[in-house]
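Inspection log for the structure reproduced underneath, given as structure tokens.
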Amino acid sequence: MTILSFAELAEKCKAQNKAIYEIAQNEEACLSGDSIDVIRLRVLEDLLAMKQAVKNGLKSTEKAISGWCGDDCVKLPERFKKRAALFGKAFEKITTYALATAEENLRMGRIAACPTAGSCGIVPSVIIAVAEEENISEAEQINGLLTAGIVGLLVSNKVQLAGAVAGCQAECGVASAMAAAALTQMLGGDTNEIIQAAALAMKNILGLTCDPVCGLVEVPCIKRNAFLAVHAVTASELALCGVESKIPLDEVVDTLKITGQLMSPLLKETSQGGLAKTKTALALEEVLFKK
Amino acid sequence: MEPKSIFSVISPIMVGPSSSHTAGAVRLGLMAKNIYKEKFFKVKFVLYNSFATTGFGHGTDKGLLAGILGYMVDDPLIKNIFEIAENIDYSYEYVQDISRHPNSVDIIIDDKMTVCGDSVGAGEIRINCINGFTADIDGSYDTLLLMYKDKPGMISTVSDIIQKQKVNIASLHCDRSSKGGTASMYVALDIPVGEDVVEKVRQIKDVFFVTNIRKL
């Protein structure tokens with residue numbers, strides 16, 4: 001990728017009169033030497049793996065190592081059958097699919113990391129649920145995933161997408177910004193609206209720590225996928241209404257990086273602080289490591 | 001720095017639960033296997049920092065072992081690797097060392113070769129040291145690794161052999177213990193070279209180790 005910032009990306013879209021996803025697939029084709037068709041097929045392969053992970057997750061109630069998690073996503077459709085969710089069908093599906101994917105991940109099932117495995121439920125749940133509800137074509141879902149991809153890539157050029165480096169901001173937070181961008185593309189947003197959606201999503205997760213209980217990708221990771229998937233929708237809806245982030249996305253990314261550097265190592269995937277040091281977490285740790 | 005691909009953030013397709021701790025671990029193991037190549041009987045993993053403290057719950061131990069045994073990141077059998085690897089003598093050591101990357105490992109194979117690497121996020125990895133020599137291999141290129149006695153002309157001799165195959169060199173990295181001491185060379189290639197090329201490089205005087213590292 002020759003583009004280094006979102007400002008550059010926006011300029012390039014304007015100069016070439018192209019959508020973000022078109023720039024993304026062109027750049028990727030240049031980089032790999034493959035045709036755009038091949039690139040889109042590879043994206044489709046990811047999309048299909050994401051859909052399969054949702055399906056598998058919805059079927060299973062197998063618990064993870066802790067014995068705590070793995071059976072939540074099946075609870076949602078049961079409730080929604082009796083009483084529809086306040087925010088409608090898309091909300092029901094997004095939260096359900098996000099939990100299904102995250103639970104499939106924790107039981108060492110097959111998922112697509114997007115950008116990471118711990119945050120694997122966010123982008124897929126938004127793309128798949130909205131596509132189903134709004135009858136969005138497969139080609140447009142691929143456009144969405146390409147848009148999410150270039151957003152994640154430009155962030156990852158500045159900061160490593162790992163909880164150990166910059167906390168959960170860099171995992172679920174970046175995933176939420178990616179999902180906001182994908183959704184805005186799929187709902188017909190223009191270049192600026194897509195970038196604004198990502199900025200709004202990212203701005204509102206700054207400082208998010210990575211404090212997994214017992215070092216497992218379970219608490220608080222699984223449910224955080226559902227929360228930050230919905231967070232992405234909020235960002236996208238606001239951006240499509242014309243709401244803009246006063247701080248440009250490039251500066252928000254810089255802030256995420258600096259905030260990550262300022263964050264105590266105790267809160268960066270070491271399980272030495274935060275929720276991982278609560279009374280309940282420590283009690284679980286004792287049970288777990290006695291096994 | 002080489003530009004990165006979009007697929008580094010929307011994939012890999014992998015078994016969970018952590019791209020840096022599981023998929024990254026599998027890929028580090030795979031790289032160690034690709035570097036060592038020979039059948040091995042004993043492997044020790046020294047895990048650092050976050051790999052050490054949270055590796056257990058993320059399946060890092062299983063991932064490293066599965067990788068060095070040749071399993072791919074999306075193989076559902078990784079879950080059961082301890083049962084599968086019964087005949088291998090494997091062990092783990094856990095160390096805190098803040099001078100190392102947060103997700104770092106030394107893989108010691110048959111007490112003969114040490115491969116050090118980091119899992120740098122989203123399943124991406126970097127091998128930064130092999131038997132004490134600095135390296136910079138991320139698995140995206142087929143790479144020729146050789147160790148030899150430091151002397152003038154080695155780079156041109158090696159590049160000449162590769163050039164005769166009409167293979168383009170993407171990057172080249174050298175390191176040495178001291179002037180005239182032991183040296184190492186990593187040659188990243190646009191397309192892989194055959195065993196005949198490896199054999200030719202092996203025949204060069206004062207080259208004592210060559211391996212053809214397949215990309216991931």
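Identifiers in this document derive from the order of the structure tokens: chains are assigned A, B, ..., residues are numbered from 1 separately in each chain, and ligands are numbered from 1 in order of occurrence.
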Checklist entry - Do you know which residues are at most 6 Å from Ser236 of chain A counting only C-alpha atoms, after dropping those on the same chain fewer than 3 positions away, and could you put them as a list in words? => result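 Skipping anything fewer than 3 positions along the chain leaves Ala180, Thr184, Ala197, Val233 and Ala239 of chain A.
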Selection above as a file: C-alpha atoms, as a PDB file, in the first residue's frame:
ATOM      1  CA  ALA A 180     -18.372   1.511  10.795  1.00  0.00           C
ATOM      2  CA  THR A 184     -21.262   3.234   5.700  1.00  0.00           C
ATOM      3  CA  ALA A 197     -17.775   7.009  10.539  1.00  0.00           C
ATOM      4  CA  VAL A 233     -23.684   1.213  13.782  1.00  0.00           C
ATOM      5  CA  ALA A 239     -21.820   9.959   9.825  1.00  0.00           C
TER       6      ALA A 239
END
Which residues of chain B have any atom within 8 Å of an atom in chain A when counting only C-alpha atoms, and what is the closest pair of atoms for each, with the distance in Å to one decimal? Order the rows by chain and rising number and write it as a tab-separated table.
residue	atom	partner	partner_atom	distance
B:Pro3	CA	A:Met1	CA	4.9
B:Lys4	CA	A:Met1	CA	6.0
B:Ser5	CA	A:Glu28	CA	6.5
B:Ile6	CA	A:Gly149	CA	5.2
B:Phe7	CA	A:Gly149	CA	7.1
B:Ser8	CA	A:Leu153	CA	7.5
B:Val9	CA	A:Pro115	CA	4.4
B:Ile10	CA	A:Cys114	CA	4.4
B:Ser11	CA	A:Ala113	CA	4.9
B:Pro12	CA	A:Ala113	CA	5.6
B:Ile13	CA	A:Ala112	CA	4.1
B:Met14	CA	A:Arg110	CA	5.3
B:Val15	CA	A:Arg110	CA	4.2
B:Gly16	CA	A:Met108	CA	4.3
B:Pro17	CA	A:Leu106	CA	4.7
B:Ser18	CA	A:Ala117	CA	4.7
B:Ser19	CA	A:Ala117	CA	4.8
B:Ser20	CA	A:Ala162	CA	7.0
B:Asn49	CA	A:Thr270	CA	7.6
B:Ser50	CA	A:Thr270	CA	5.3
B:Thr53	CA	A:Thr270	CA	6.1
B:Thr54	CA	A:Gly215	CA	4.3
B:Gly55	CA	A:Gly215	CA	7.3
B:Phe56	CA	A:Gly215	CA	7.6
B:Gly57	CA	A:Leu216	CA	4.6
B:His58	CA	A:Leu216	CA	6.0
B:Asp74	CA	A:Arg110	CA	6.1
B:Asp75	CA	A:Arg110	CA	7.9
B:Pro76	CA	A:Gly109	CA	6.7
B:Lys79	CA	A:Met108	CA	6.4
B:Pro102	CA	A:Ala164	CA	6.2
B:Asn103	CA	A:Ala164	CA	7.5
B:Val120	CA	A:Gln160	CA	6.7
B:Gly121	CA	A:Ala162	CA	4.7
B:Ala122	CA	A:Thr116	CA	4.8
B:Gly123	CA	A:Thr116	CA	7.4
Next on the checklist: Env of segment 36-45 of chain B: 8 Å cut, atoms = only C-alpha atoms, seq-sep filter 5 positions within chain, self excluded. Answer as a count of residues only.
Outcome noted: 16
Item to check | DSSP helix (DSSP H, G or I) residues within segment 39-170 of chain A, listed as a PyMOL selection string | outcome: chain A and resi 39-59+75-82+89-106+122-134+138-156+163-166+168-170
Given the selection you just returned, output its residues as a file containing C-alpha atoms, formatted as a short mmCIF file (atom, residue, chain, number, x, y, z; two decimals), in the first residue's frame.
data_model
loop_
_atom_site.label_atom_id
_atom_site.label_comp_id
_atom_site.auth_asym_id
_atom_site.auth_seq_id
_atom_site.Cartn_x
_atom_site.Cartn_y
_atom_site.Cartn_z
CA ILE A 39 -8.40 -10.04 -5.01
CA ARG A 40 -12.18 -9.98 -4.78
CA LEU A 41 -12.28 -13.79 -4.72
CA ARG A 42 -9.88 -13.80 -1.80
CA VAL A 43 -12.10 -11.30 0.02
CA LEU A 44 -15.09 -13.53 -0.74
CA GLU A 45 -13.21 -16.46 0.79
CA ASP A 46 -12.87 -14.43 4.01
CA LEU A 47 -16.54 -13.45 3.87
CA LEU A 48 -17.61 -17.08 3.47
CA ALA A 49 -15.40 -18.15 6.39
CA MET A 50 -17.05 -15.43 8.47
CA LYS A 51 -20.53 -16.67 7.53
CA GLN A 52 -19.56 -20.25 8.34
CA ALA A 53 -18.19 -19.18 11.73
CA VAL A 54 -21.54 -17.50 12.55
CA LYS A 55 -23.39 -20.69 11.54
CA ASN A 56 -21.11 -22.91 13.62
CA GLY A 57 -21.29 -20.55 16.58
CA LEU A 58 -25.08 -20.47 16.51
CA LYS A 59 -25.22 -24.28 16.71
CA LYS A 75 -30.02 -17.08 24.56
CA LEU A 76 -30.59 -14.11 22.27
CA PRO A 77 -32.82 -15.63 19.56
CA GLU A 78 -34.91 -17.30 22.28
CA ARG A 79 -35.68 -13.98 23.89
CA PHE A 80 -36.11 -12.09 20.59
CA LYS A 81 -38.68 -14.69 19.45
CA LYS A 82 -40.82 -13.81 22.45
CA LYS A 89 -34.17 -6.98 13.61
CA ALA A 90 -30.74 -5.71 12.52
CA PHE A 91 -29.81 -5.12 16.17
CA GLU A 92 -30.99 -8.64 17.07
CA LYS A 93 -28.86 -10.20 14.35
CA ILE A 94 -25.78 -8.05 14.94
CA THR A 95 -25.60 -8.86 18.64
CA THR A 96 -26.38 -12.55 18.05
CA TYR A 97 -23.83 -12.97 15.23
CA ALA A 98 -21.14 -11.09 17.13
CA LEU A 99 -21.53 -13.39 20.14
CA ALA A 100 -21.76 -16.48 17.90
CA THR A 101 -18.44 -15.67 16.21
CA ALA A 102 -16.65 -14.67 19.39
CA GLU A 103 -17.83 -17.84 21.15
CA GLU A 104 -16.74 -19.99 18.20
CA ASN A 105 -13.33 -18.33 18.50
CA LEU A 106 -12.87 -19.05 22.18
CA ILE A 122 -17.42 -7.19 15.07
CA VAL A 123 -16.91 -6.64 11.33
CA PRO A 124 -18.61 -9.90 10.24
CA SER A 125 -21.70 -9.41 12.42
CA VAL A 126 -22.32 -5.92 11.08
CA ILE A 127 -21.74 -6.85 7.42
CA ILE A 128 -23.69 -10.12 7.49
CA ALA A 129 -26.64 -8.93 9.60
CA VAL A 130 -27.18 -5.72 7.65
CA ALA A 131 -26.75 -7.50 4.31
CA GLU A 132 -29.48 -9.95 5.31
CA GLU A 133 -31.84 -7.29 6.57
CA GLU A 134 -31.31 -4.81 3.73
CA GLU A 138 -22.55 -10.23 -2.20
CA ALA A 139 -20.56 -7.81 -4.39
CA GLU A 140 -21.50 -4.93 -2.11
CA GLN A 141 -20.57 -6.98 0.97
CA ILE A 142 -17.16 -7.52 -0.60
CA ASN A 143 -16.94 -3.74 -1.16
CA GLY A 144 -17.73 -3.30 2.52
CA LEU A 145 -15.06 -5.75 3.62
CA LEU A 146 -12.48 -4.11 1.33
CA THR A 147 -13.37 -0.74 2.86
CA ALA A 148 -12.95 -2.20 6.35
CA GLY A 149 -9.65 -3.70 5.21
CA ILE A 150 -8.05 -0.48 4.04
CA VAL A 151 -9.16 1.32 7.20
CA GLY A 152 -7.58 -1.37 9.36
CA LEU A 153 -4.47 -1.43 7.21
CA LEU A 154 -3.83 2.32 7.43
CA VAL A 155 -4.21 2.13 11.22
CA SER A 156 -1.90 -0.88 11.43
CA GLY A 163 -3.74 -5.75 22.88
CA ALA A 164 -0.23 -6.30 24.22
CA VAL A 165 0.94 -3.18 22.37
CA ALA A 166 -1.93 -0.69 22.67
CA CYS A 168 -8.16 -3.29 23.37
CA GLN A 169 -8.35 0.03 21.52
CA ALA A 170 -6.12 -1.60 18.92
#
Checklist entry - Near segment 166-183 of chain B, counting only C-alpha atoms, which residues have an atom at most 7 Å away, once you skip same-chain residues fewer than 6 positions from it, shown as a PyMOL selection string? => result chain B and resi 133-134+147-151+189-191
Next on the checklist: To test your reading of the structure, identify every residue in segment 62-158 of chain B that backbone DSSP assigns to strand (DSSP E or B), and report it as number ranges by chain.
Outcome noted: B: 89-95, 103-109, 113-121, 124-130, 133-137, 142-149
Item to check | Distance of atom CA of Leu183 of chain A from atom CA of Leu206 of chain A, expressed in Å to one decimal place | outcome: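 According to the coordinates, atom CA of Leu206 of chain A and atom CA of Leu183 of chain A are separated by 20.7 Å.
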Checklist entry - What is the distance, in Å and to one decimal place, between atom CA of Leu249 of chain A and atom CA of Thr234 of chain A? => result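 If I compute the distance from atom CA of Leu249 of chain A to atom CA of Thr234 of chain A, I get 16.6 Å.
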Item to check | Nearest candidate to Glu22 of chain A (options A:Lys279, A:Gln185, A:Ala177, A:Cys69; using only C-alpha atoms) | outcome: A:Gln185
Item to check | Test item: residues at most 6 Å from Thr22 of chain B, only C-alpha atoms, excluding those fewer than 4 positions along its chain, as a ChimeraX atom specification | outcome: /B:18,59-60,63
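Distances here use only C-alpha atoms; by that measure, the residue among B:Leu65, B:Ile78, B:Leu145, B:Cys129 closest to Phe208 of chain B is B:Leu145.
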